[in-house]
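Next comes final_33.pdb, with PDB, C-alpha atoms.
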```
ATOM      1  CA  MET W   1      22.736 -19.526 -33.414
ATOM      2  CA  LEU W   2      20.432 -16.501 -33.215
ATOM      3  CA  LEU W   3      22.215 -15.473 -30.022
ATOM      4  CA  ASN W   4      25.594 -15.603 -31.794
ATOM      5  CA  ILE W   5      24.267 -13.484 -34.676
ATOM      6  CA  ALA W   6      22.788 -10.980 -32.213
ATOM      7  CA  MET W   7      26.096 -10.771 -30.316
ATOM      8  CA  LEU W   8      28.066 -10.258 -33.542
ATOM      9  CA  VAL W   9      25.766  -7.605 -35.027
ATOM     10  CA  GLY W  10      25.218  -5.867 -31.705
ATOM     11  CA  GLY W  11      28.932  -5.946 -30.925
ATOM     12  CA  LEU W  12      29.876  -4.431 -34.291
ATOM     13  CA  ILE W  13      27.281  -1.647 -33.956
ATOM     14  CA  LEU W  14      28.454  -0.927 -30.417
ATOM     15  CA  LEU W  15      32.070  -0.866 -31.619
ATOM     16  CA  VAL W  16      31.329   1.887 -34.119
ATOM     17  CA  PHE W  17      29.485   4.085 -31.635
ATOM     18  CA  ALA W  18      31.941   3.464 -28.783
ATOM     19  CA  GLY W  19      34.918   4.259 -31.006
ATOM     20  CA  ASP W  20      33.230   7.451 -32.193
ATOM     21  CA  TYR W  21      32.523   8.554 -28.612
ATOM     22  CA  LEU W  22      36.109   7.835 -27.571
ATOM     23  CA  VAL W  23      37.581   9.850 -30.455
ATOM     24  CA  LYS W  24      35.279  12.822 -29.887
ATOM     25  CA  GLY W  25      35.987  12.814 -26.156
ATOM     26  CA  ALA W  26      39.737  12.595 -26.731
ATOM     27  CA  VAL W  27      39.650  15.448 -29.264
ATOM     28  CA  GLY W  28      37.605  17.562 -26.856
ATOM     29  CA  LEU W  29      40.120  16.902 -24.085
ATOM     30  CA  ALA W  30      43.052  17.686 -26.379
ATOM     31  CA  GLU W  31      41.483  20.982 -27.391
ATOM     32  CA  LYS W  32      41.047  21.879 -23.716
ATOM     33  CA  PHE W  33      44.822  21.614 -23.327
ATOM     34  CA  ASN W  34      45.446  23.494 -26.603
ATOM     35  CA  ILE W  35      47.115  20.549 -28.314
ATOM     36  CA  PRO W  36      47.731  21.490 -31.992
ATOM     37  CA  PRO W  37      45.194  20.100 -34.501
ATOM     38  CA  LEU W  38      48.026  18.485 -36.466
ATOM     39  CA  ILE W  39      49.050  16.311 -33.532
ATOM     40  CA  ILE W  40      45.435  15.501 -32.726
ATOM     41  CA  GLY W  41      44.866  14.330 -36.289
ATOM     42  CA  LEU W  42      48.039  12.258 -36.430
ATOM     43  CA  THR W  43      47.569  10.545 -33.087
ATOM     44  CA  ILE W  44      44.178  10.693 -31.400
ATOM     45  CA  VAL W  45      41.971  10.637 -34.493
ATOM     46  CA  ALA W  46      44.083   8.170 -36.476
ATOM     47  CA  PHE W  47      44.472   5.843 -33.506
ATOM     48  CA  GLY W  48      40.888   6.313 -32.376
ATOM     49  CA  THR W  49      39.371   5.346 -35.719
ATOM     50  CA  SER W  50      41.407   2.132 -35.487
ATOM     51  CA  ALA W  51      40.066   1.443 -31.981
ATOM     52  CA  PRO W  52      37.580  -1.227 -33.190
ATOM     53  CA  GLU W  53      40.392  -3.195 -34.866
ATOM     54  CA  LEU W  54      42.588  -2.788 -31.775
ATOM     55  CA  VAL W  55      40.113  -4.084 -29.222
ATOM     56  CA  ILE W  56      38.987  -6.917 -31.499
ATOM     57  CA  SER W  57      42.551  -8.085 -32.177
ATOM     58  CA  LEU W  58      43.578  -7.809 -28.522
ATOM     59  CA  ASP W  59      40.474  -9.613 -27.263
ATOM     60  CA  SER W  60      40.802 -12.324 -29.906
ATOM     61  CA  ALA W  61      44.495 -12.967 -29.255
ATOM     62  CA  LEU W  62      44.100 -13.008 -25.468
ATOM     63  CA  SER W  63      40.986 -15.196 -25.732
ATOM     64  CA  GLY W  64      42.800 -17.878 -27.697
ATOM     65  CA  VAL W  65      41.291 -16.995 -31.087
ATOM     66  CA  PRO W  66      44.345 -15.544 -32.896
ATOM     67  CA  ASP W  67      42.945 -16.250 -36.375
ATOM     68  CA  ILE W  68      40.311 -13.574 -35.815
ATOM     69  CA  ALA W  69      42.991 -11.169 -34.543
ATOM     70  CA  VAL W  70      45.188 -11.463 -37.641
ATOM     71  CA  GLY W  71      42.293 -12.018 -40.054
ATOM     72  CA  ASN W  72      40.679  -8.832 -38.817
ATOM     73  CA  ILE W  73      43.731  -6.749 -39.790
ATOM     74  CA  VAL W  74      44.466  -8.487 -43.092
ATOM     75  CA  GLY W  75      40.781  -8.418 -44.034
ATOM     76  CA  SER W  76      40.380  -4.769 -42.980
ATOM     77  CA  ASN W  77      43.315  -3.677 -45.140
ATOM     78  CA  ILE W  78      41.787  -5.481 -48.107
ATOM     79  CA  ALA W  79      38.319  -4.048 -47.416
ATOM     80  CA  ASN W  80      39.692  -0.523 -46.946
ATOM     81  CA  VAL W  81      41.030  -0.506 -50.509
ATOM     82  CA  LEU W  82      38.490  -2.496 -52.497
ATOM     83  CA  LEU W  83      35.310  -1.693 -50.550
ATOM     84  CA  VAL W  84      35.927   1.604 -48.730
ATOM     85  CA  MET W  85      37.415   3.174 -51.869
ATOM     86  CA  GLY W  86      35.321   1.321 -54.438
ATOM     87  CA  LEU W  87      31.905   2.231 -53.027
ATOM     88  CA  PRO W  88      32.406   6.026 -52.759
ATOM     89  CA  ALA W  89      33.826   6.020 -56.302
ATOM     90  CA  LEU W  90      30.333   5.102 -57.530
ATOM     91  CA  ILE W  91      29.105   8.439 -56.146
ATOM     92  CA  THR W  92      31.929  10.788 -57.114
ATOM     93  CA  ALA W  93      35.336  10.456 -58.755
ATOM     94  CA  ILE W  94      38.324  10.149 -56.414
ATOM     95  CA  HIS W  95      41.372  12.058 -57.670
ATOM     96  CA  ALA W  96      44.874  10.996 -56.640
ATOM     97  CA  ASN W  97      46.350  14.480 -56.814
ATOM     98  CA  GLN W  98      46.999  15.283 -53.156
ATOM     99  CA  ASN W  99      50.531  16.193 -52.100
ATOM    100  CA  GLY W 100      52.338  13.464 -50.206
ATOM    101  CA  LEU W 101      50.174  10.555 -51.355
ATOM    102  CA  SER W 102      52.999   8.791 -53.203
ATOM    103  CA  ARG W 103      55.367   9.049 -50.234
ATOM    104  CA  ASN W 104      52.801   7.763 -47.751
ATOM    105  CA  VAL W 105      51.593   4.909 -49.948
ATOM    106  CA  GLY W 106      55.263   3.927 -50.303
ATOM    107  CA  ILE W 107      55.461   3.750 -46.504
ATOM    108  CA  LEU W 108      52.314   1.596 -46.504
ATOM    109  CA  LEU W 109      53.967  -0.809 -48.965
ATOM    110  CA  PHE W 110      57.029  -0.988 -46.705
ATOM    111  CA  PHE W 111      54.943  -1.823 -43.628
ATOM    112  CA  THR W 112      52.901  -4.359 -45.627
ATOM    113  CA  LEU W 113      55.998  -6.183 -46.899
ATOM    114  CA  ALA W 114      57.633  -6.098 -43.450
ATOM    115  CA  PHE W 115      54.478  -7.521 -41.843
ATOM    116  CA  MET W 116      54.270 -10.284 -44.473
ATOM    117  CA  TRP W 117      57.900 -11.237 -43.863
ATOM    118  CA  MET W 118      57.355 -11.290 -40.091
ATOM    119  CA  ILE W 119      54.353 -13.632 -40.233
ATOM    120  CA  SER W 120      55.752 -15.858 -42.978
ATOM    121  CA  ASP W 121      57.142 -18.247 -40.335
ATOM    122  CA  GLY W 122      53.668 -18.722 -38.857
ATOM    123  CA  VAL W 123      53.906 -16.394 -35.856
ATOM    124  CA  LEU W 124      54.166 -12.697 -35.050
ATOM    125  CA  SER W 125      56.571 -12.572 -32.114
ATOM    126  CA  ARG W 126      56.733  -9.961 -29.369
ATOM    127  CA  LEU W 127      59.988  -8.630 -30.804
ATOM    128  CA  GLU W 128      58.403  -8.240 -34.232
ATOM    129  CA  GLY W 129      55.374  -6.546 -32.683
ATOM    130  CA  GLY W 130      57.717  -4.115 -30.944
ATOM    131  CA  ILE W 131      59.506  -3.374 -34.214
ATOM    132  CA  LEU W 132      56.197  -2.616 -35.948
ATOM    133  CA  PHE W 133      55.083  -0.270 -33.180
ATOM    134  CA  ALA W 134      58.488   1.459 -33.090
ATOM    135  CA  GLY W 135      58.144   1.991 -36.833
ATOM    136  CA  LEU W 136      54.793   3.668 -36.274
ATOM    137  CA  VAL W 137      56.266   6.028 -33.672
ATOM    138  CA  LEU W 138      59.029   7.014 -36.110
ATOM    139  CA  TYR W 139      56.447   7.514 -38.868
ATOM    140  CA  ILE W 140      54.357   9.866 -36.714
ATOM    141  CA  ILE W 141      57.419  11.847 -35.601
ATOM    142  CA  ALA W 142      58.597  12.165 -39.209
ATOM    143  CA  GLN W 143      55.152  13.369 -40.323
ATOM    144  CA  ILE W 144      54.999  15.982 -37.567
ATOM    145  CA  VAL W 145      58.510  17.251 -38.349
ATOM    146  CA  ARG W 146      57.827  17.348 -42.091
ATOM    147  CA  ALA W 147      54.503  19.146 -41.680
ATOM    148  CA  ARG W 148      56.069  21.734 -39.346
ATOM    149  CA  THR W 149      59.067  22.447 -41.582
ATOM    150  CA  GLN W 150      57.317  22.561 -44.964
ATOM    151  CA  THR W 151      55.181  25.306 -46.398
ATOM    152  CA  GLU W 152      51.429  25.083 -46.112
ATOM    153  CA  ASP W 153      51.130  24.047 -49.767
ATOM    154  CA  ASP W 154      53.445  21.086 -49.204
ATOM    155  CA  ALA W 155      51.907  19.874 -45.940
ATOM    156  CA  THR W 156      50.713  16.300 -46.220
ATOM    157  CA  ILE W 157      48.541  16.037 -43.131
ATOM    158  CA  PRO W 158      45.313  18.028 -43.114
ATOM    159  CA  SER W 159      44.626  19.957 -39.916
ATOM    160  CA  ASP W 160      40.855  19.943 -40.446
ATOM    161  CA  TYR W 161      40.295  16.773 -38.494
ATOM    162  CA  HIS W 162      36.693  17.793 -37.773
ATOM    163  CA  ASP W 163      35.748  16.385 -41.189
ATOM    164  CA  ASP W 164      36.569  12.952 -39.785
ATOM    165  CA  VAL W 165      35.452  13.452 -36.206
ATOM    166  CA  GLY W 166      32.478  15.776 -36.300
ATOM    167  CA  ASP W 167      31.631  18.037 -33.365
ATOM    168  CA  ALA W 168      33.783  17.274 -30.328
ATOM    169  CA  PRO W 169      32.346  18.053 -26.875
ATOM    170  CA  THR W 170      33.509  21.248 -25.183
ATOM    171  CA  GLN W 171      31.984  20.928 -21.708
ATOM    172  CA  ASN W 172      34.079  19.052 -19.145
ATOM    173  CA  SER W 173      31.178  16.834 -18.095
ATOM    174  CA  LYS W 174      30.469  15.799 -21.696
ATOM    175  CA  ILE W 175      34.150  15.124 -22.372
ATOM    176  CA  ILE W 176      34.307  12.808 -19.353
ATOM    177  CA  VAL W 177      31.096  11.022 -20.390
ATOM    178  CA  PHE W 178      32.383  10.517 -23.938
ATOM    179  CA  LEU W 179      35.777   9.243 -22.763
ATOM    180  CA  LEU W 180      34.404   6.885 -20.098
ATOM    181  CA  GLY W 181      31.637   5.697 -22.398
ATOM    182  CA  GLY W 182      34.095   4.825 -25.142
ATOM    183  CA  LEU W 183      36.619   3.193 -22.804
ATOM    184  CA  ILE W 184      33.964   1.079 -21.065
ATOM    185  CA  LEU W 185      31.917   0.101 -24.112
ATOM    186  CA  LEU W 186      34.791  -0.762 -26.493
ATOM    187  CA  PRO W 187      36.038  -3.874 -24.660
ATOM    188  CA  ILE W 188      32.447  -5.005 -24.014
ATOM    189  CA  ALA W 189      31.623  -4.616 -27.700
ATOM    190  CA  ALA W 190      34.800  -6.450 -28.681
ATOM    191  CA  HIS W 191      33.984  -9.365 -26.383
ATOM    192  CA  PHE W 192      30.479  -9.763 -27.835
ATOM    193  CA  THR W 193      31.812  -9.482 -31.389
ATOM    194  CA  VAL W 194      34.508 -12.130 -30.894
ATOM    195  CA  GLU W 195      32.157 -14.497 -29.054
ATOM    196  CA  GLY W 196      29.476 -14.115 -31.717
ATOM    197  CA  ALA W 197      31.929 -14.534 -34.588
ATOM    198  CA  SER W 198      33.488 -17.651 -33.042
ATOM    199  CA  GLY W 199      30.054 -19.128 -32.413
ATOM    200  CA  ILE W 200      28.951 -18.556 -36.009
ATOM    201  CA  ALA W 201      32.191 -20.065 -37.309
ATOM    202  CA  SER W 202      31.686 -23.180 -35.174
ATOM    203  CA  HIS W 203      28.018 -23.525 -36.192
ATOM    204  CA  PHE W 204      28.713 -23.425 -39.932
ATOM    205  CA  GLY W 205      31.988 -25.304 -39.728
ATOM    206  CA  VAL W 206      34.039 -22.470 -41.218
ATOM    207  CA  SER W 207      37.331 -21.284 -39.797
ATOM    208  CA  ASP W 208      37.777 -18.409 -37.381
ATOM    209  CA  ALA W 209      40.151 -16.935 -39.964
ATOM    210  CA  ALA W 210      37.363 -16.792 -42.577
ATOM    211  CA  ILE W 211      35.040 -14.968 -40.175
ATOM    212  CA  GLY W 212      37.829 -12.568 -39.167
ATOM    213  CA  LEU W 213      38.788 -11.869 -42.776
ATOM    214  CA  THR W 214      35.229 -11.081 -43.858
ATOM    215  CA  ILE W 215      32.431 -10.308 -41.381
ATOM    216  CA  VAL W 216      34.597  -8.929 -38.567
ATOM    217  CA  ALA W 217      36.894  -7.061 -40.986
ATOM    218  CA  ILE W 218      33.965  -5.369 -42.714
ATOM    219  CA  GLY W 219      32.418  -4.493 -39.362
ATOM    220  CA  THR W 220      35.576  -2.873 -38.012
ATOM    221  CA  SER W 221      36.025  -0.998 -41.307
ATOM    222  CA  LEU W 222      32.634   0.695 -40.923
ATOM    223  CA  PRO W 223      34.114   3.946 -39.473
ATOM    224  CA  GLU W 224      36.403   4.315 -42.497
ATOM    225  CA  LEU W 225      33.546   3.395 -44.858
ATOM    226  CA  ALA W 226      31.206   5.921 -43.258
ATOM    227  CA  THR W 227      33.855   8.674 -43.425
ATOM    228  CA  SER W 228      34.667   8.003 -47.082
ATOM    229  CA  PHE W 229      30.996   7.629 -48.055
ATOM    230  CA  MET W 230      30.010  10.931 -46.452
ATOM    231  CA  ALA W 231      33.018  12.656 -48.033
ATOM    232  CA  ALA W 232      31.944  11.356 -51.441
ATOM    233  CA  TRP W 233      28.360  12.439 -50.776
ATOM    234  CA  ARG W 234      29.687  15.969 -50.150
ATOM    235  CA  LYS W 235      31.630  15.742 -53.440
ATOM    236  CA  ASN W 236      34.910  15.632 -51.521
ATOM    237  CA  GLY W 237      35.857  12.018 -52.177
ATOM    238  CA  ASP W 238      39.558  12.785 -52.574
ATOM    239  CA  VAL W 239      40.012  12.626 -48.786
ATOM    240  CA  ALA W 240      39.216   8.902 -48.949
ATOM    241  CA  LEU W 241      42.698   8.078 -50.244
ATOM    242  CA  GLY W 242      44.498   9.689 -47.329
ATOM    243  CA  ASN W 243      42.131   8.066 -44.837
ATOM    244  CA  ILE W 244      42.646   4.611 -46.346
ATOM    245  CA  ILE W 245      46.444   4.883 -46.450
ATOM    246  CA  GLY W 246      46.634   6.140 -42.872
ATOM    247  CA  SER W 247      44.194   3.536 -41.584
ATOM    248  CA  ASN W 248      46.063   0.656 -43.238
ATOM    249  CA  ILE W 249      49.395   1.836 -41.830
ATOM    250  CA  PHE W 250      47.875   2.056 -38.347
ATOM    251  CA  ASN W 251      46.239  -1.366 -38.698
ATOM    252  CA  ILE W 252      49.587  -3.056 -39.322
ATOM    253  CA  ALA W 253      51.957  -0.953 -37.236
ATOM    254  CA  ALA W 254      49.736  -0.022 -34.290
ATOM    255  CA  ILE W 255      47.167  -2.811 -33.985
ATOM    256  CA  MET W 256      49.380  -5.791 -34.823
ATOM    257  CA  GLY W 257      52.313  -4.045 -33.156
ATOM    258  CA  ILE W 258      50.530  -3.653 -29.824
ATOM    259  CA  THR W 259      48.924  -7.100 -30.027
ATOM    260  CA  GLY W 260      52.275  -8.685 -30.855
ATOM    261  CA  LEU W 261      53.928  -6.862 -27.975
ATOM    262  CA  LEU W 262      51.546  -8.474 -25.500
ATOM    263  CA  ILE W 263      51.499 -12.023 -26.847
ATOM    264  CA  ASP W 264      53.079 -14.145 -29.593
ATOM    265  CA  VAL W 265      50.350 -14.342 -32.263
ATOM    266  CA  PRO W 266      50.192 -17.542 -34.378
ATOM    267  CA  VAL W 267      49.115 -17.102 -38.002
ATOM    268  CA  ALA W 268      47.058 -19.641 -39.982
ATOM    269  CA  ASP W 269      48.755 -21.329 -42.964
ATOM    270  CA  THR W 270      45.915 -20.284 -45.287
ATOM    271  CA  MET W 271      46.491 -16.630 -44.439
ATOM    272  CA  ILE W 272      50.199 -16.955 -45.232
ATOM    273  CA  ALA W 273      49.563 -18.842 -48.475
ATOM    274  CA  TYR W 274      46.711 -16.697 -49.807
ATOM    275  CA  ASP W 275      45.182 -13.818 -47.876
ATOM    276  CA  MET W 276      48.325 -11.828 -47.119
ATOM    277  CA  TRP W 277      49.099 -11.836 -50.851
ATOM    278  CA  VAL W 278      45.647 -10.396 -51.575
ATOM    279  CA  MET W 279      46.431  -7.719 -48.973
ATOM    280  CA  LEU W 280      49.681  -6.972 -50.837
ATOM    281  CA  ALA W 281      47.855  -6.855 -54.186
ATOM    282  CA  ALA W 282      45.391  -4.323 -52.743
ATOM    283  CA  ALA W 283      48.294  -2.197 -51.444
ATOM    284  CA  VAL W 284      50.038  -2.377 -54.842
ATOM    285  CA  LEU W 285      46.802  -1.321 -56.584
ATOM    286  CA  LEU W 286      46.570   1.641 -54.233
ATOM    287  CA  ALA W 287      50.221   2.495 -54.944
ATOM    288  CA  VAL W 288      49.686   2.377 -58.723
ATOM    289  CA  ILE W 289      46.676   4.689 -58.398
ATOM    290  CA  CYS W 290      48.685   7.162 -56.304
ATOM    291  CA  PHE W 291      51.945   7.075 -58.291
ATOM    292  CA  ALA W 292      50.175   7.279 -61.677
ATOM    293  CA  ARG W 293      47.627   9.777 -60.296
ATOM    294  CA  ILE W 294      44.766   7.678 -61.651
ATOM    295  CA  THR W 295      41.247   8.993 -61.111
ATOM    296  CA  THR W 296      39.012   6.342 -59.585
ATOM    297  CA  GLY W 297      35.601   6.670 -61.187
ATOM    298  CA  LYS W 298      32.550   4.462 -61.551
ATOM    299  CA  LEU W 299      34.279   1.910 -63.806
ATOM    300  CA  LEU W 300      37.309   1.328 -61.592
ATOM    301  CA  GLY W 301      35.151   1.550 -58.474
ATOM    302  CA  SER W 302      32.843  -1.149 -59.825
ATOM    303  CA  ALA W 303      35.848  -3.334 -60.678
ATOM    304  CA  MET W 304      37.113  -2.941 -57.092
ATOM    305  CA  LEU W 305      33.761  -3.965 -55.645
ATOM    306  CA  LEU W 306      33.552  -6.996 -57.943
ATOM    307  CA  ALA W 307      37.100  -7.979 -56.981
ATOM    308  CA  TYR W 308      36.160  -7.704 -53.299
ATOM    309  CA  LEU W 309      33.057  -9.821 -53.827
ATOM    310  CA  ALA W 310      35.180 -12.444 -55.598
ATOM    311  CA  TYR W 311      37.615 -12.413 -52.677
ATOM    312  CA  ILE W 312      34.820 -12.881 -50.123
ATOM    313  CA  ILE W 313      33.477 -15.835 -52.114
ATOM    314  CA  SER W 314      36.968 -17.342 -52.369
ATOM    315  CA  VAL W 315      37.459 -17.131 -48.583
ATOM    316  CA  PHE W 316      34.370 -19.234 -47.936
TER     317      PHE W 316
END
```

Would it be possible to restate this file's structure as structure tokens?
Amino acid sequence: MLLNIAMLVGGLILLVFAGDYLVKGAVGLAEKFNIPPLIIGLTIVAFGTSAPELVISLDSALSGVPDIAVGNIVGSNIANVLLVMGLPALITAIHANQNGLSRNVGILLFFTLAFMWMISDGVLSRLEGGILFAGLVLYIIAQIVRARTQTEDDATIPSDYHDDVGDAPTQNSKIIVFLLGGLILLPIAAHFTVEGASGIASHFGVSDAAIGLTIVAIGTSLPELATSFMAAWRKNGDVALGNIIGSNIFNIAAIMGITGLLIDVPVADTMIAYDMWVMLAAAVLLAVICFARITTGKLLGSAMLLAYLAYIISVF
């Protein structure tokens, strides 16, 4: 049992660091080739911060533990709203006044509803995975075109991706070390995390889905939580909304899209009957906040955290 806990905790910690190294290395490489910051932010950074979810879902599905694969994404999307947004709101108010939030949260609702419809029959097929990923490609292209054709005041994608990434390496040797380190460590970390999570689930007699929806989901949401927490600490909590919306879109369209492309992914009945509806409720809450331009302060943030705690208890 202690070995399983050590593998889970160690795997999650390694996931965070490996994902961070991969993103920084990729950004450093992109800057070497003078790739515009906008494209780096929309692709490398957005995809890289979802790397933990990707490797976990792929490893779980290919290892015969699909409940962790799907639970990880559903649970992460719930955690990203209630936990990742709720906790920073206790430090500083989060204002929903950024341009483009309503449009992008509408796209998130579309992807959420499409994903729910696809898994409602108990499986995410390869065709459905391909459709999700194709939708992501169209979304990225549309964002790039919109940002290039609109005025600076109307641009919806910030070019200052260094707020999310930090200092990217500039020396060729460091870039290679960061890239190789991330690429090598991510699958190793994912394997330990999945093995540890499955072992804990077996020991306590709980389902793999429950572990995926809670412990694994929280662990893979740590990069988003750290980004939002530090932004709030710097009194710039408003960036949390954009990060959460983008991350949740990538989780569904990229992570489940790629996983579904490789293998038909079965979905547990409990997730269809309960958890995916909680995911939808979290997305609707986010949409209401964005459309009504509601400021998320300590009161609403506390309510979100209590709702997340109630959800965690209900899962077990």

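Distance check against Pro223 (chain W) using all atoms listed in the file: of W:Val27, W:Asn243, W:Ile211, W:Phe316, the minimum falls on W:Asn243.
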
**Item:** Residue nearest Leu241 (chain W) - candidates W:Thr193, W:Ser228, W:Asn172, W:Thr112, atoms counted: all atoms listed in the file
**Value:** W:Ser228

Starting from the displayed file, determine the output of the PyMOL selection byres ((chain W and resi 131-142) around 9) and express the residue list as an mmCIF file with C-alpha atoms, in the frame of the given file.
```cif
data_model
loop_
_atom_site.group_PDB
_atom_site.id
_atom_site.type_symbol
_atom_site.label_atom_id
_atom_site.label_comp_id
_atom_site.auth_asym_id
_atom_site.auth_seq_id
_atom_site.Cartn_x
_atom_site.Cartn_y
_atom_site.Cartn_z
ATOM 1 C CA ILE W 39 49.050 16.311 -33.532
ATOM 2 C CA LEU W 42 48.039 12.258 -36.430
ATOM 3 C CA THR W 43 47.569 10.545 -33.087
ATOM 4 C CA ILE W 107 55.461 3.750 -46.504
ATOM 5 C CA PHE W 111 54.943 -1.823 -43.628
ATOM 6 C CA ALA W 114 57.633 -6.098 -43.450
ATOM 7 C CA PHE W 115 54.478 -7.521 -41.843
ATOM 8 C CA ARG W 126 56.733 -9.961 -29.369
ATOM 9 C CA LEU W 127 59.988 -8.630 -30.804
ATOM 10 C CA GLU W 128 58.403 -8.240 -34.232
ATOM 11 C CA GLY W 129 55.374 -6.546 -32.683
ATOM 12 C CA GLY W 130 57.717 -4.115 -30.944
ATOM 13 C CA GLN W 143 55.152 13.369 -40.323
ATOM 14 C CA ILE W 144 54.999 15.982 -37.567
ATOM 15 C CA VAL W 145 58.510 17.251 -38.349
ATOM 16 C CA ARG W 146 57.827 17.348 -42.091
ATOM 17 C CA ALA W 147 54.503 19.146 -41.680
ATOM 18 C CA ILE W 249 49.395 1.836 -41.830
ATOM 19 C CA PHE W 250 47.875 2.056 -38.347
ATOM 20 C CA ILE W 252 49.587 -3.056 -39.322
ATOM 21 C CA ALA W 253 51.957 -0.953 -37.236
ATOM 22 C CA ALA W 254 49.736 -0.022 -34.290
ATOM 23 C CA ILE W 255 47.167 -2.811 -33.985
ATOM 24 C CA MET W 256 49.380 -5.791 -34.823
ATOM 25 C CA GLY W 257 52.313 -4.045 -33.156
ATOM 26 C CA ILE W 258 50.530 -3.653 -29.824
ATOM 27 C CA GLY W 260 52.275 -8.685 -30.855
ATOM 28 C CA LEU W 261 53.928 -6.862 -27.975
#
```

Using only C-alpha atoms, determine which residues lie at most 7 Å from region 54-63 of chain W, disregarding the query and same-chain residues fewer than 6 positions distant; provide the list as an mmCIF file with C-alpha atoms, in the frame of the given file.
```cif
data_model
loop_
_atom_site.group_PDB
_atom_site.id
_atom_site.type_symbol
_atom_site.label_atom_id
_atom_site.label_comp_id
_atom_site.auth_asym_id
_atom_site.auth_seq_id
_atom_site.Cartn_x
_atom_site.Cartn_y
_atom_site.Cartn_z
ATOM 1 C CA ALA W 69 42.991 -11.169 -34.543
ATOM 2 C CA VAL W 70 45.188 -11.463 -37.641
ATOM 3 C CA ASN W 72 40.679 -8.832 -38.817
ATOM 4 C CA LEU W 186 34.791 -0.762 -26.493
ATOM 5 C CA PRO W 187 36.038 -3.874 -24.660
ATOM 6 C CA ALA W 190 34.800 -6.450 -28.681
ATOM 7 C CA HIS W 191 33.984 -9.365 -26.383
ATOM 8 C CA VAL W 194 34.508 -12.130 -30.894
ATOM 9 C CA ILE W 255 47.167 -2.811 -33.985
ATOM 10 C CA THR W 259 48.924 -7.100 -30.027
ATOM 11 C CA VAL W 265 50.350 -14.342 -32.263
#
```

**Residues within 9 Å of Leu12 (chain W), all atoms listed in the file, excluding chain neighbours under 2 positions, as JSON, numbers by chain** = {"W": [7, 8, 9, 10, 14, 15, 16, 17, 52, 189, 190, 192, 193, 216, 219, 220, 222]}

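Shortest separation to Val23 (chain W) among W:Val84, W:Ala283, W:Ala51, W:Gly205 occurs at residue W:Ala51, atoms counted being all atoms listed in the file.
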
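Each of W:Ile68, W:Ala18, W:Leu29, W:Ala93 was compared to Glu195 (chain W) using all atoms listed in the file, and W:Ile68 turns out to be the nearest.
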
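CA of Ile188 (chain W) to CA of Ala6 (chain W) spans 14.0 Å [interatomic distance, one decimal].
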
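You will find CA of Leu108 (chain W) at 16.6 Å from CA of Glu224 (chain W).
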
**Message:** Env of Ala217 (chain W): 7 Å cut, atoms = only C-alpha atoms, seq-sep filter 2 positions within chain, self excluded. Answer as number ranges by chain.
**Reply:** W: 72-73, 75-76, 212-215, 219-221

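The smallest atom-to-atom distance between Ala240 (chain W) and any of W:Leu87, W:Val278, W:Ile119, W:Ile78, using all atoms listed in the file, is found for W:Leu87.
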
**Asked** Quick one: distance from CA of Ile218 (chain W) to CA of Val177 (chain W) in Å, one decimal?
**Response** 27.8 Å

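Using all atoms listed in the file, the nearest neighbour of Leu305 (chain W) within the list W:Met85, W:Met118, W:Met1, W:Ile263 is W:Met85.
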
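Evaluated against this file, the PyMOL selection byres ((chain W and resi 97) around 10) yields Ile94, His95, Ala96, Gln98, Asn99, Gly100, Leu101, Ser102, Asp238, Leu241, Ile289, Cys290, Phe291, Ala292, Arg293, Ile294 and Thr295 of chain W.
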
**Prompt:** Once the PyMOL selection byres ((chain W and resi 123) around 7) has been applied to the shown file, what residues remain in the selection, as a PyMOL selection string?
**Reply:** chain W and resi 119+121-122+124-125+264-267

**Message:** For a cutoff of 12 Å around the file-coordinate point (35.1, -13.8, -53.4), which residues qualify once you count only C-alpha atoms? I'd like the result as a PyMOL selection string.
**Reply:** chain W and resi 78-79+82+210+213-214+275+278+304-316

Completion step: region 305-312 of chain W with N, CA and C atoms as a compact mmCIF listing (two decimals), in the coordinates of the input:
```
# COMPACT_ATOMS: atom_id res chain seq x y z
N LEU W 305 34.82 -3.30 -56.40
CA LEU W 305 33.76 -3.96 -55.64
C LEU W 305 33.58 -5.40 -56.11
N LEU W 306 33.65 -5.64 -57.41
CA LEU W 306 33.55 -7.00 -57.94
C LEU W 306 34.73 -7.85 -57.48
N ALA W 307 35.92 -7.26 -57.46
CA ALA W 307 37.10 -7.98 -56.98
C ALA W 307 36.94 -8.34 -55.51
N TYR W 308 36.37 -7.42 -54.73
CA TYR W 308 36.16 -7.70 -53.30
C TYR W 308 35.13 -8.80 -53.11
N LEU W 309 34.07 -8.77 -53.90
CA LEU W 309 33.06 -9.82 -53.83
C LEU W 309 33.67 -11.17 -54.18
N ALA W 310 34.51 -11.20 -55.21
CA ALA W 310 35.18 -12.44 -55.60
C ALA W 310 36.08 -12.94 -54.48
N TYR W 311 36.75 -12.02 -53.79
CA TYR W 311 37.62 -12.41 -52.68
C TYR W 311 36.79 -13.02 -51.54
N ILE W 312 35.68 -12.38 -51.20
CA ILE W 312 34.82 -12.88 -50.12
C ILE W 312 34.35 -14.30 -50.45
```
